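Listing of model21.pdb, PDB, C-alpha atoms
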ATOM      1  CA  MET A   1     -24.822  11.484 -52.135  1.00  0.00           C
ATOM      2  CA  GLY A   2     -21.441  11.857 -50.552  1.00  0.00           C
ATOM      3  CA  CYS A   3     -18.017  12.398 -52.000  1.00  0.00           C
ATOM      4  CA  ILE A   4     -15.446   9.689 -51.568  1.00  0.00           C
ATOM      5  CA  GLY A   5     -11.682   9.509 -51.313  1.00  0.00           C
ATOM      6  CA  LEU A   6      -8.814  10.702 -49.233  1.00  0.00           C
ATOM      7  CA  VAL A   7      -7.528  14.060 -49.215  1.00  0.00           C
ATOM      8  CA  ASN A   8      -0.313  16.712 -50.943  1.00  0.00           C
ATOM      9  CA  SER A   9       1.761  18.647 -53.997  1.00  0.00           C
ATOM     10  CA  SER A  10       5.289  18.732 -55.311  1.00  0.00           C
ATOM     11  CA  SER A  11       6.969  21.376 -57.399  1.00  0.00           C
ATOM     12  CA  ILE A  12       5.030  22.219 -60.493  1.00  0.00           C
ATOM     13  CA  ASN A  13       6.671  23.030 -63.787  1.00  0.00           C
ATOM     14  CA  PHE A  14       4.400  24.946 -66.107  1.00  0.00           C
ATOM     15  CA  TYR A  15       5.468  25.010 -69.725  1.00  0.00           C
ATOM     16  CA  ARG A  16       5.396  27.806 -72.268  1.00  0.00           C
ATOM     17  CA  PRO A  17       4.987  27.728 -76.039  1.00  0.00           C
ATOM     18  CA  VAL A  18       8.097  26.934 -78.049  1.00  0.00           C
ATOM     19  CA  LEU A  19       8.809  28.318 -81.519  1.00  0.00           C
ATOM     20  CA  THR A  20       9.819  25.512 -83.865  1.00  0.00           C
ATOM     21  CA  LYS A  21      10.669  25.303 -87.547  1.00  0.00           C
ATOM     22  CA  THR A  22       8.461  23.170 -89.755  1.00  0.00           C
ATOM     23  CA  SER A  23      11.251  22.297 -92.204  1.00  0.00           C
ATOM     24  CA  HIS A  24      15.022  21.884 -92.253  1.00  0.00           C
ATOM     25  CA  LYS A  25      15.462  24.970 -94.416  1.00  0.00           C
ATOM     26  CA  PRO A  26      16.885  28.085 -92.762  1.00  0.00           C
ATOM     27  CA  TYR A  27      14.480  30.891 -91.844  1.00  0.00           C
ATOM     28  CA  SER A  28      14.135  33.541 -94.533  1.00  0.00           C
ATOM     29  CA  SER A  29      12.010  36.634 -94.926  1.00  0.00           C
ATOM     30  CA  ARG A  30      10.041  35.000 -97.756  1.00  0.00           C
ATOM     31  CA  GLY A  31       8.205  31.729 -97.512  1.00  0.00           C
ATOM     32  CA  SER A  32       9.553  30.726 -94.142  1.00  0.00           C
ATOM     33  CA  MET A  33       7.184  28.596 -92.120  1.00  0.00           C
ATOM     34  CA  ALA A  34       7.269  28.550 -88.350  1.00  0.00           C
ATOM     35  CA  ALA A  35       4.778  27.035 -85.968  1.00  0.00           C
ATOM     36  CA  ILE A  36       4.061  27.461 -82.309  1.00  0.00           C
ATOM     37  CA  ARG A  37       4.216  24.124 -80.560  1.00  0.00           C
ATOM     38  CA  ALA A  38       1.938  24.615 -77.585  1.00  0.00           C
ATOM     39  CA  GLU A  39       3.409  22.321 -74.986  1.00  0.00           C
ATOM     40  CA  SER A  40       1.176  23.436 -72.159  1.00  0.00           C
ATOM     41  CA  MET A  41       0.219  26.695 -70.539  1.00  0.00           C
ATOM     42  CA  ALA A  42      -1.197  27.407 -67.137  1.00  0.00           C
ATOM     43  CA  THR A  43      -3.619  30.202 -66.494  1.00  0.00           C
ATOM     44  CA  GLU A  44      -4.626  31.699 -63.170  1.00  0.00           C
ATOM     45  CA  LYS A  45      -8.147  32.767 -62.359  1.00  0.00           C
ATOM     46  CA  LEU A  46      -9.242  34.000 -58.944  1.00  0.00           C
ATOM     47  CA  GLY A  47      -6.161  32.408 -57.346  1.00  0.00           C
ATOM     48  CA  ILE A  48      -6.665  28.990 -58.960  1.00  0.00           C
ATOM     49  CA  LEU A  49      -4.024  27.751 -61.435  1.00  0.00           C
ATOM     50  CA  ILE A  50      -5.332  25.637 -64.310  1.00  0.00           C
ATOM     51  CA  GLU A  51      -3.303  23.818 -66.952  1.00  0.00           C
ATOM     52  CA  LYS A  52      -5.435  22.321 -69.731  1.00  0.00           C
ATOM     53  CA  ASN A  53      -4.373  18.869 -70.970  1.00  0.00           C
ATOM     54  CA  PRO A  54      -0.817  18.725 -69.618  1.00  0.00           C
ATOM     55  CA  PRO A  55       1.551  16.342 -71.411  1.00  0.00           C
ATOM     56  CA  GLU A  56       1.572  12.771 -70.142  1.00  0.00           C
ATOM     57  CA  SER A  57       5.318  13.190 -69.504  1.00  0.00           C
ATOM     58  CA  LYS A  58       4.548  15.823 -66.860  1.00  0.00           C
ATOM     59  CA  LEU A  59       1.926  13.642 -65.185  1.00  0.00           C
ATOM     60  CA  THR A  60       4.404  10.742 -65.142  1.00  0.00           C
ATOM     61  CA  GLN A  61       7.238  12.914 -63.796  1.00  0.00           C
ATOM     62  CA  LEU A  62       5.028  14.088 -60.919  1.00  0.00           C
ATOM     63  CA  GLY A  63       3.662  10.579 -60.264  1.00  0.00           C
ATOM     64  CA  VAL A  64       0.075  11.824 -60.639  1.00  0.00           C
ATOM     65  CA  ARG A  65      -1.340   8.376 -61.499  1.00  0.00           C
ATOM     66  CA  ASN A  66      -0.060   7.126 -58.125  1.00  0.00           C
ATOM     67  CA  TRP A  67      -1.747   9.903 -56.118  1.00  0.00           C
ATOM     68  CA  PRO A  68      -4.908   9.081 -54.162  1.00  0.00           C
ATOM     69  CA  LYS A  69      -8.238   9.383 -55.963  1.00  0.00           C
ATOM     70  CA  TRP A  70     -11.380  11.218 -54.942  1.00  0.00           C
ATOM     71  CA  GLY A  71     -14.810  11.209 -56.506  1.00  0.00           C
ATOM     72  CA  CYS A  72     -18.061  13.087 -56.106  1.00  0.00           C
ATOM     73  CA  PRO A  73     -21.482  12.927 -57.807  1.00  0.00           C
ATOM     74  CA  PRO A  74     -23.266  16.107 -58.897  1.00  0.00           C
ATOM     75  CA  SER A  75     -23.687  18.249 -55.784  1.00  0.00           C
ATOM     76  CA  LYS A  76     -22.899  21.639 -54.264  1.00  0.00           C
ATOM     77  CA  PHE A  77     -20.854  22.080 -51.091  1.00  0.00           C
ATOM     78  CA  PRO A  78     -18.481  24.489 -49.295  1.00  0.00           C
ATOM     79  CA  TRP A  79     -14.785  23.641 -48.972  1.00  0.00           C
ATOM     80  CA  THR A  80     -11.728  25.212 -47.321  1.00  0.00           C
ATOM     81  CA  TYR A  81      -8.197  24.216 -48.311  1.00  0.00           C
ATOM     82  CA  SER A  82      -6.132  23.755 -45.154  1.00  0.00           C
ATOM     83  CA  ALA A  83      -3.161  22.949 -47.425  1.00  0.00           C
ATOM     84  CA  LYS A  84      -2.270  23.598 -51.066  1.00  0.00           C
ATOM     85  CA  GLU A  85      -3.934  20.996 -53.282  1.00  0.00           C
ATOM     86  CA  THR A  86      -2.759  19.892 -56.707  1.00  0.00           C
ATOM     87  CA  CYS A  87      -5.140  17.694 -58.654  1.00  0.00           C
ATOM     88  CA  TYR A  88      -5.743  16.182 -62.080  1.00  0.00           C
ATOM     89  CA  LEU A  89      -9.336  15.645 -63.177  1.00  0.00           C
ATOM     90  CA  LEU A  90      -9.877  12.307 -64.913  1.00  0.00           C
ATOM     91  CA  GLN A  91     -13.553  13.026 -65.485  1.00  0.00           C
ATOM     92  CA  GLY A  92     -16.202  15.519 -64.515  1.00  0.00           C
ATOM     93  CA  LYS A  93     -17.040  19.186 -64.583  1.00  0.00           C
ATOM     94  CA  VAL A  94     -17.064  21.642 -61.687  1.00  0.00           C
ATOM     95  CA  LYS A  95     -17.538  25.351 -61.178  1.00  0.00           C
ATOM     96  CA  VAL A  96     -15.604  26.602 -58.152  1.00  0.00           C
ATOM     97  CA  TYR A  97     -16.736  29.876 -56.547  1.00  0.00           C
ATOM     98  CA  PRO A  98     -14.068  31.376 -54.256  1.00  0.00           C
ATOM     99  CA  ASP A  99     -15.639  33.073 -51.230  1.00  0.00           C
ATOM    100  CA  GLY A 100     -16.267  36.758 -51.846  1.00  0.00           C
ATOM    101  CA  SER A 101     -16.604  36.302 -55.607  1.00  0.00           C
ATOM    102  CA  ASP A 102     -19.751  35.955 -57.698  1.00  0.00           C
ATOM    103  CA  GLU A 103     -17.549  34.664 -60.520  1.00  0.00           C
ATOM    104  CA  GLY A 104     -16.770  30.969 -60.804  1.00  0.00           C
ATOM    105  CA  VAL A 105     -13.816  29.048 -62.191  1.00  0.00           C
ATOM    106  CA  GLU A 106     -14.683  26.115 -64.443  1.00  0.00           C
ATOM    107  CA  ILE A 107     -12.553  22.993 -64.302  1.00  0.00           C
ATOM    108  CA  GLU A 108     -13.127  19.772 -66.198  1.00  0.00           C
ATOM    109  CA  ALA A 109     -11.661  16.438 -67.254  1.00  0.00           C
ATOM    110  CA  GLY A 110      -8.066  16.842 -68.437  1.00  0.00           C
ATOM    111  CA  ASP A 111      -7.332  19.859 -66.211  1.00  0.00           C
ATOM    112  CA  PHE A 112      -4.310  19.989 -63.897  1.00  0.00           C
ATOM    113  CA  VAL A 113      -5.315  22.360 -61.093  1.00  0.00           C
ATOM    114  CA  VAL A 114      -3.648  23.996 -58.082  1.00  0.00           C
ATOM    115  CA  PHE A 115      -5.749  25.414 -55.240  1.00  0.00           C
ATOM    116  CA  PRO A 116      -3.914  27.651 -52.754  1.00  0.00           C
ATOM    117  CA  LYS A 117      -3.726  26.930 -49.047  1.00  0.00           C
ATOM    118  CA  GLY A 118      -6.349  28.897 -47.147  1.00  0.00           C
ATOM    119  CA  MET A 119      -8.842  29.264 -50.013  1.00  0.00           C
ATOM    120  CA  SER A 120     -12.480  28.903 -49.028  1.00  0.00           C
ATOM    121  CA  CYS A 121     -14.909  28.250 -51.838  1.00  0.00           C
ATOM    122  CA  THR A 122     -18.054  26.483 -52.968  1.00  0.00           C
ATOM    123  CA  TRP A 123     -17.845  23.532 -55.341  1.00  0.00           C
ATOM    124  CA  ASP A 124     -20.748  23.151 -57.776  1.00  0.00           C
ATOM    125  CA  VAL A 125     -20.276  19.728 -59.378  1.00  0.00           C
ATOM    126  CA  SER A 126     -22.397  19.394 -62.539  1.00  0.00           C
ATOM    127  CA  VAL A 127     -20.826  16.164 -63.895  1.00  0.00           C
ATOM    128  CA  THR A 128     -19.531  13.415 -61.582  1.00  0.00           C
ATOM    129  CA  VAL A 129     -15.892  14.069 -60.669  1.00  0.00           C
ATOM    130  CA  ASP A 130     -13.065  11.541 -60.511  1.00  0.00           C
ATOM    131  CA  LYS A 131      -9.631  13.024 -59.792  1.00  0.00           C
ATOM    132  CA  HIS A 132      -6.145  12.314 -58.538  1.00  0.00           C
ATOM    133  CA  TYR A 133      -5.036  14.749 -55.843  1.00  0.00           C
ATOM    134  CA  GLN A 134      -2.142  15.610 -53.576  1.00  0.00           C
ATOM    135  CA  PHE A 135      -1.950  17.987 -50.610  1.00  0.00           C
ATOM    136  CA  GLU A 136       1.206  19.833 -49.621  1.00  0.00           C
TER     137      GLU A 136
END
Translate the structure of the given file into structure tokens.
Amino acid sequence: MGCIGLVNSSSINFYRPVLTKTSHKPYSSRGSMAAIRAESMATEKLGILIEKNPPESKLTQLGVRNWPKWGCPPSKFPWTYSAKETCYLLQGKVKVYPDGSDEGVEIEAGDFVVFPKGMSCTWDVSVTVDKHYQFE
């Protein structure tokens, strides 16, 4: 029941929503249709940055699919980040409890996550994890 893999991050570009027109007609006060194209947004919770389902173009630009992989079956264990870690979960579900907090941060398959250097926490893996990761 051990976790496997090796345990680096480059600059991270988080995207924001972009307002786009849904037709070629000019905007008007009546009948104009506009849509928010949600490219990707990152949220921070308890010092952990999470971007849900980033675009494949971002993953390709960062070379995520070439990063080392790490996996872990359901388990609970303490962890301290001696360096900033950026990772992309291919599968699994985890609740991370930063030390000093009773509140956890849920991460799951499709999440692009950044853990800050120096963070100590407890990982509670409920569904087997498979992820790409990089330490900085």
Between atom CA of A:Glu51 and atom CA of A:Gly100 - distance in Å to one decimal: 23.7 Å
Spatial neighbours of stretch 65-69 of chain A, max dist 6 Å, only C-alpha atoms, sep filter under 2 positions, as a list in words: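 Listed by chain and then number, they are Gly5, Gly63, Lys131, His132 and Tyr133 of chain A.
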Selection result for the PyMOL selection byres ((chain A and resi 98) around 12) on this file, as a list in words: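 So the PyMOL selection byres ((chain A and resi 98) around 12) ends up selecting Lys45, Leu46, Gly47, Ile48, Phe77, Pro78, Trp79, Thr80, Tyr81, Lys95, Val96, Tyr97, Asp99, Gly100, Ser101, Asp102, Glu103, Gly104, Val105, Glu106, Phe115, Pro116, Gly118, Met119, Ser120, Cys121, Thr122, Trp123 and Asp124 of chain A.
With only C-alpha atoms as the atoms that count, the residue of A:Ser82, A:Gln134, A:Asn53, A:Met41 with the shortest distance to A:Ile107 is A:Asn53.
Evaluated against the shown file, the PyMOL selection byres ((chain A and resi 56) around 12) gives Glu39, Ser40, Lys52, Asn53, Pro54, Pro55, Ser57, Lys58, Leu59, Thr60, Gln61, Leu62, Gly63, Val64, Arg65, Tyr88, Gly110 and Phe112 of chain A.
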Atom pair atom CA of A:Val114 / atom CA of A:Cys72: separation (Å):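 One can read the atom CA of A:Val114 to atom CA of A:Cys72 distance as 18.2 Å.
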Centre and size of axis-aligned box enclosing stretch 115-133 of chain A plus 4 Å each side, as JSON:
{"center_x": -13.1, "center_y": 20.4, "center_z": -55.5, "size_x": 26.7, "size_y": 25.7, "size_z": 24.7}
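Between atom CA of A:Ser126 and atom CA of A:Lys84 the interatomic distance comes to 23.5 Å.
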Picked residues, the PyMOL selection byres ((chain A and resi 91) around 8), expected as JSON, numbers by chain: {"A": [89, 90, 92, 93, 108, 109, 110, 128, 129, 130, 131]}
Selected residues, C-alpha atoms, written as a short mmCIF file (atom, residue, chain, number, x, y, z; two decimals), in the coordinates of the input, please.
data_model
loop_
_atom_site.label_atom_id
_atom_site.label_comp_id
_atom_site.auth_asym_id
_atom_site.auth_seq_id
_atom_site.Cartn_x
_atom_site.Cartn_y
_atom_site.Cartn_z
CA LEU A 89 -9.34 15.64 -63.18
CA LEU A 90 -9.88 12.31 -64.91
CA GLY A 92 -16.20 15.52 -64.52
CA LYS A 93 -17.04 19.19 -64.58
CA GLU A 108 -13.13 19.77 -66.20
CA ALA A 109 -11.66 16.44 -67.25
CA GLY A 110 -8.07 16.84 -68.44
CA THR A 128 -19.53 13.42 -61.58
CA VAL A 129 -15.89 14.07 -60.67
CA ASP A 130 -13.06 11.54 -60.51
CA LYS A 131 -9.63 13.02 -59.79
#
Only N, CA, C and O atoms, as an mmCIF file, in the first residue's frame: that is what I want for stretch 39-73 of chain A.
data_model
loop_
_atom_site.group_PDB
_atom_site.id
_atom_site.type_symbol
_atom_site.label_atom_id
_atom_site.label_comp_id
_atom_site.auth_asym_id
_atom_site.auth_seq_id
_atom_site.Cartn_x
_atom_site.Cartn_y
_atom_site.Cartn_z
ATOM 1 N N GLU A 39 -12.639 30.125 -20.547
ATOM 2 C CA GLU A 39 -11.444 29.415 -20.985
ATOM 3 C C GLU A 39 -10.908 28.560 -19.852
ATOM 4 O O GLU A 39 -10.681 27.392 -20.012
ATOM 5 N N SER A 40 -10.692 29.147 -18.701
ATOM 6 C CA SER A 40 -10.228 28.402 -17.562
ATOM 7 C C SER A 40 -9.970 29.388 -16.442
ATOM 8 O O SER A 40 -9.428 30.454 -16.668
ATOM 9 N N MET A 41 -10.376 29.034 -15.250
ATOM 10 C CA MET A 41 -10.157 29.912 -14.116
ATOM 11 C C MET A 41 -9.549 29.124 -12.976
ATOM 12 O O MET A 41 -9.937 28.000 -12.716
ATOM 13 N N ALA A 42 -8.605 29.749 -12.314
ATOM 14 C CA ALA A 42 -7.993 29.129 -11.152
ATOM 15 C C ALA A 42 -8.606 29.729 -9.898
ATOM 16 O O ALA A 42 -8.939 30.904 -9.865
ATOM 17 N N THR A 43 -8.769 28.896 -8.906
ATOM 18 C CA THR A 43 -9.231 29.375 -7.616
ATOM 19 C C THR A 43 -8.192 28.976 -6.571
ATOM 20 O O THR A 43 -7.460 28.001 -6.752
ATOM 21 N N GLU A 44 -8.113 29.762 -5.508
ATOM 22 C CA GLU A 44 -7.195 29.444 -4.430
ATOM 23 C C GLU A 44 -7.997 29.115 -3.187
ATOM 24 O O GLU A 44 -8.973 29.796 -2.864
ATOM 25 N N LYS A 45 -7.599 28.055 -2.524
ATOM 26 C CA LYS A 45 -8.235 27.680 -1.267
ATOM 27 C C LYS A 45 -7.150 27.187 -0.320
ATOM 28 O O LYS A 45 -6.399 26.271 -0.653
ATOM 29 N N LEU A 46 -7.052 27.858 0.812
ATOM 30 C CA LEU A 46 -6.079 27.490 1.848
ATOM 31 C C LEU A 46 -4.654 27.410 1.297
ATOM 32 O O LEU A 46 -3.870 26.544 1.684
ATOM 33 N N GLY A 47 -4.330 28.299 0.353
ATOM 34 C CA GLY A 47 -2.980 28.360 -0.207
ATOM 35 C C GLY A 47 -2.735 27.444 -1.388
ATOM 36 O O GLY A 47 -1.652 27.450 -1.963
ATOM 37 N N ILE A 48 -3.727 26.652 -1.767
ATOM 38 C CA ILE A 48 -3.593 25.719 -2.888
ATOM 39 C C ILE A 48 -4.348 26.289 -4.088
ATOM 40 O O ILE A 48 -5.516 26.636 -3.979
ATOM 41 N N LEU A 49 -3.661 26.414 -5.230
ATOM 42 C CA LEU A 49 -4.304 26.897 -6.458
ATOM 43 C C LEU A 49 -4.836 25.711 -7.244
ATOM 44 O O LEU A 49 -4.114 24.735 -7.454
ATOM 45 N N ILE A 50 -6.093 25.825 -7.689
ATOM 46 C CA ILE A 50 -6.714 24.737 -8.450
ATOM 47 C C ILE A 50 -7.350 25.316 -9.698
ATOM 48 O O ILE A 50 -8.128 26.263 -9.635
ATOM 49 N N GLU A 51 -7.028 24.736 -10.839
ATOM 50 C CA GLU A 51 -7.650 25.091 -12.112
ATOM 51 C C GLU A 51 -8.363 23.842 -12.611
ATOM 52 O O GLU A 51 -7.737 22.821 -12.869
ATOM 53 N N LYS A 52 -9.681 23.927 -12.726
ATOM 54 C CA LYS A 52 -10.492 22.788 -13.175
ATOM 55 C C LYS A 52 -10.414 22.668 -14.697
ATOM 56 O O LYS A 52 -10.628 23.627 -15.411
ATOM 57 N N ASN A 53 -10.124 21.484 -15.178
ATOM 58 C CA ASN A 53 -10.133 21.179 -16.620
ATOM 59 C C ASN A 53 -9.465 22.241 -17.482
ATOM 60 O O ASN A 53 -10.110 22.856 -18.326
ATOM 61 N N PRO A 54 -8.162 22.455 -17.308
ATOM 62 C CA PRO A 54 -7.473 23.433 -18.149
ATOM 63 C C PRO A 54 -7.493 22.988 -19.609
ATOM 64 O O PRO A 54 -7.625 21.788 -19.886
ATOM 65 N N PRO A 55 -7.378 23.932 -20.539
ATOM 66 C CA PRO A 55 -7.372 23.545 -21.954
ATOM 67 C C PRO A 55 -6.147 22.694 -22.289
ATOM 68 O O PRO A 55 -5.072 22.883 -21.711
ATOM 69 N N GLU A 56 -6.332 21.771 -23.204
ATOM 70 C CA GLU A 56 -5.229 20.904 -23.627
ATOM 71 C C GLU A 56 -4.056 21.729 -24.134
ATOM 72 O O GLU A 56 -2.900 21.353 -23.955
ATOM 73 N N SER A 57 -4.352 22.891 -24.746
ATOM 74 C CA SER A 57 -3.274 23.754 -25.259
ATOM 75 C C SER A 57 -2.341 24.204 -24.134
ATOM 76 O O SER A 57 -1.129 24.307 -24.325
ATOM 77 N N LYS A 58 -2.886 24.458 -22.966
ATOM 78 C CA LYS A 58 -2.060 24.858 -21.820
ATOM 79 C C LYS A 58 -1.189 23.692 -21.368
ATOM 80 O O LYS A 58 0.001 23.860 -21.107
ATOM 81 N N LEU A 59 -1.795 22.507 -21.265
ATOM 82 C CA LEU A 59 -1.044 21.329 -20.842
ATOM 83 C C LEU A 59 0.096 21.044 -21.821
ATOM 84 O O LEU A 59 1.211 20.710 -21.408
ATOM 85 N N THR A 60 -0.179 21.202 -23.104
ATOM 86 C CA THR A 60 0.842 20.986 -24.140
ATOM 87 C C THR A 60 1.944 22.028 -24.028
ATOM 88 O O THR A 60 3.133 21.696 -24.080
ATOM 89 N N GLN A 61 1.555 23.292 -23.872
ATOM 90 C CA GLN A 61 2.532 24.387 -23.764
ATOM 91 C C GLN A 61 3.490 24.161 -22.595
ATOM 92 O O GLN A 61 4.680 24.417 -22.704
ATOM 93 N N LEU A 62 2.958 23.667 -21.474
ATOM 94 C CA LEU A 62 3.785 23.427 -20.293
ATOM 95 C C LEU A 62 4.522 22.082 -20.339
ATOM 96 O O LEU A 62 5.372 21.822 -19.496
ATOM 97 N N GLY A 63 4.175 21.229 -21.300
ATOM 98 C CA GLY A 63 4.813 19.919 -21.408
ATOM 99 C C GLY A 63 4.371 18.946 -20.328
ATOM 100 O O GLY A 63 5.101 18.010 -19.984
ATOM 101 N N VAL A 64 3.167 19.139 -19.799
ATOM 102 C CA VAL A 64 2.667 18.340 -18.676
ATOM 103 C C VAL A 64 2.728 16.842 -18.955
ATOM 104 O O VAL A 64 3.103 16.052 -18.088
ATOM 105 N N ARG A 65 2.390 16.417 -20.160
ATOM 106 C CA ARG A 65 2.346 14.976 -20.468
ATOM 107 C C ARG A 65 3.742 14.341 -20.457
ATOM 108 O O ARG A 65 3.860 13.117 -20.443
ATOM 109 N N ASN A 66 4.779 15.183 -20.439
ATOM 110 C CA ASN A 66 6.151 14.677 -20.366
ATOM 111 C C ASN A 66 6.706 14.710 -18.948
ATOM 112 O O ASN A 66 7.828 14.269 -18.720
ATOM 113 N N TRP A 67 5.955 15.271 -17.999
ATOM 114 C CA TRP A 67 6.399 15.300 -16.606
ATOM 115 C C TRP A 67 6.367 13.886 -16.038
ATOM 116 O O TRP A 67 5.636 13.017 -16.537
ATOM 117 N N PRO A 68 7.114 13.651 -14.964
ATOM 118 C CA PRO A 68 7.046 12.339 -14.303
ATOM 119 C C PRO A 68 5.630 12.062 -13.807
ATOM 120 O O PRO A 68 4.836 12.992 -13.638
ATOM 121 N N LYS A 69 5.352 10.790 -13.561
ATOM 122 C CA LYS A 69 4.043 10.396 -13.027
ATOM 123 C C LYS A 69 4.221 9.820 -11.627
ATOM 124 O O LYS A 69 5.269 9.282 -11.289
ATOM 125 N N TRP A 70 3.158 9.950 -10.858
ATOM 126 C CA TRP A 70 3.117 9.423 -9.494
ATOM 127 C C TRP A 70 1.732 8.854 -9.263
ATOM 128 O O TRP A 70 0.744 9.402 -9.764
ATOM 129 N N GLY A 71 1.652 7.765 -8.529
ATOM 130 C CA GLY A 71 0.368 7.167 -8.242
ATOM 131 C C GLY A 71 0.283 6.701 -6.805
ATOM 132 O O GLY A 71 1.313 6.461 -6.161
ATOM 133 N N CYS A 72 -0.946 6.600 -6.306
ATOM 134 C CA CYS A 72 -1.153 6.205 -4.922
ATOM 135 C C CYS A 72 -2.551 5.598 -4.761
ATOM 136 O O CYS A 72 -3.529 6.196 -5.216
ATOM 137 N N PRO A 73 -2.653 4.439 -4.104
ATOM 138 C CA PRO A 73 -3.972 3.860 -3.838
ATOM 139 C C PRO A 73 -4.645 4.610 -2.683
ATOM 140 O O PRO A 73 -3.995 5.431 -2.015
#
